[in-house]
Amino acid sequence: MTSEKPSAQMIGQVLVQAGLLTEAQVQVALQDQSYCGVRFGEILVTRGWVKQETVDFLVEQWPALLNRPDKMPLGECLQAAGLLTPLQVQQAVREQHINGMRIGAVIVLNGWLKKDTVDFFLKGLAPNRVTESPFVTKPRTTGQSTPTSIPNTVHSKGEELVDEDIDLEDFHWLG
């Protein structure tokens, strides 16, 4: 692995893939850079498009993290990237335990991040899990067609709490 830092164009493309910038924003930042010579990430931060912490994480830590066999948990990674606060991660984990949904689904449903951003990080951290159900446990099949809804069941210290049915087709895209 080379120690060279990625180019501005490469950083811009990573941010576009992560759903954090648009192509138009990348082009504007590159144009700004050609006029003033300021670092690409600094332009993005100055314009308020991305946090410095996020740029630094994606440039310095993300490439190494992708090559590690022991990946960082999603919530911890999003926090390290400056995309979630510690309180949001704690709340997402709490909600995950209560409603049985995967943490990525909780994060998107709370409106903290876009689906594209969560999917980008999931693809890097756990590519084989991106298409899994948004629920922690999948319903058992009995040879019949897959149900389109399942009860929202939560087990807590031996108790079973059943809430309204959830339509799985509304959540097929969550990681």
# chains A, B, ... in the order shown; residues from 1 in each chain; ligands from 1
>>> select_by_dssp(residues="region 26-138 of chain A", states="alpha helix (DSSP H)", output="count of residues only")
68
>>> residues_around(residues="Gly12 (chain A)", least_positions_apart="3", cutoff="10 Å", atoms="only C-alpha atoms", output="ChimeraX atom specification")
/A:6-9,15-18,20-23,25-27,29-30,40-41,44,55
>>> select_by_dssp(residues="region 28-152 of chain A", states="strand (DSSP E or B)", output="list in words")
Met101, Phe135, Ser149, Ile150, Pro151 and Asn152 of chain A
>>> write_last_selection(atoms="N, CA and C atoms", output="PDB file, in the first residue's frame")
ATOM      1  N   MET A 101     -34.517  -3.839  14.883  1.00  0.00           N
ATOM      2  CA  MET A 101     -34.032  -3.416  13.567  1.00  0.00           C
ATOM      3  C   MET A 101     -32.519  -3.245  13.605  1.00  0.00           C
ATOM      4  N   PHE A 135     -34.244  -6.195   9.765  1.00  0.00           N
ATOM      5  CA  PHE A 135     -34.507  -6.742  11.084  1.00  0.00           C
ATOM      6  C   PHE A 135     -33.370  -7.659  11.510  1.00  0.00           C
ATOM      7  N   SER A 149     -45.236  -8.952   5.517  1.00  0.00           N
ATOM      8  CA  SER A 149     -45.186  -8.258   6.798  1.00  0.00           C
ATOM      9  C   SER A 149     -44.977  -9.285   7.898  1.00  0.00           C
ATOM     10  N   ILE A 150     -44.341  -8.845   8.962  1.00  0.00           N
ATOM     11  CA  ILE A 150     -44.153  -9.694  10.131  1.00  0.00           C
ATOM     12  C   ILE A 150     -44.490  -8.873  11.351  1.00  0.00           C
ATOM     13  N   PRO A 151     -44.878  -9.545  12.438  1.00  0.00           N
ATOM     14  CA  PRO A 151     -45.137  -8.762  13.643  1.00  0.00           C
ATOM     15  C   PRO A 151     -43.847  -8.134  14.148  1.00  0.00           C
ATOM     16  N   ASN A 152     -43.947  -6.927  14.641  1.00  0.00           N
ATOM     17  CA  ASN A 152     -42.806  -6.255  15.240  1.00  0.00           C
ATOM     18  C   ASN A 152     -42.696  -6.790  16.656  1.00  0.00           C
TER      19      ASN A 152
END
>>> residues_around(residues="region 71-79 of chain A", least_positions_apart="5", cutoff="6 Å", atoms="only C-alpha atoms", output="MDAnalysis selection string")
chainID A and resid 84:85 89 125
>>> write_last_selection(atoms="C-alpha atoms", output="compact mmCIF listing (two decimals), in the first residue's frame")
# COMPACT_ATOMS: atom_id res chain seq x y z
CA LEU A 84 -23.04 10.80 14.18
CA THR A 85 -22.63 11.97 17.75
CA VAL A 89 -24.96 6.04 18.39
CA LEU A 125 -17.44 -2.72 6.53
>>> closest_atom_pairs(of="region 47-109 of chain A", to="region 115-124 of chain A", cutoff="7 Å", atoms="only C-alpha atoms", output="JSON lines")
{"residue": "A:Leu66", "atom": "CA", "partner": "A:Gly124", "partner_atom": "CA", "distance": 6.0}
{"residue": "A:Gly104", "atom": "CA", "partner": "A:Val118", "partner_atom": "CA", "distance": 6.2}
{"residue": "A:Val108", "atom": "CA", "partner": "A:Lys115", "partner_atom": "CA", "distance": 5.9}
>>> atom_distance(atom1="CA of Gln31 (chain A)", atom2="CA of Val14 (chain A)")
17.9 Å
>>> atom_distance(atom1="CA of Ala81 (chain A)", atom2="CA of Phe57 (chain A)")
5.2 Å
>>> atom_distance(atom1="CA of Leu83 (chain A)", atom2="CA of Gln52 (chain A)")
10.7 Å
>>> residues_around(residues="Ile107 (chain A)", least_positions_apart="5", cutoff="7 Å", atoms="only C-alpha atoms", output="number ranges by chain")
A: 92, 112-113
>>> closest_residue(among="A:Ala80, A:Glu42, A:Gln13, A:Gly100", to="Gln61 (chain A)", atoms="only C-alpha atoms")
A:Ala80
>>> closest_residue(among="A:Ala24, A:Glu132, A:Gln88, A:Ala64", to="Trp49 (chain A)", atoms="only C-alpha atoms")
A:Ala24
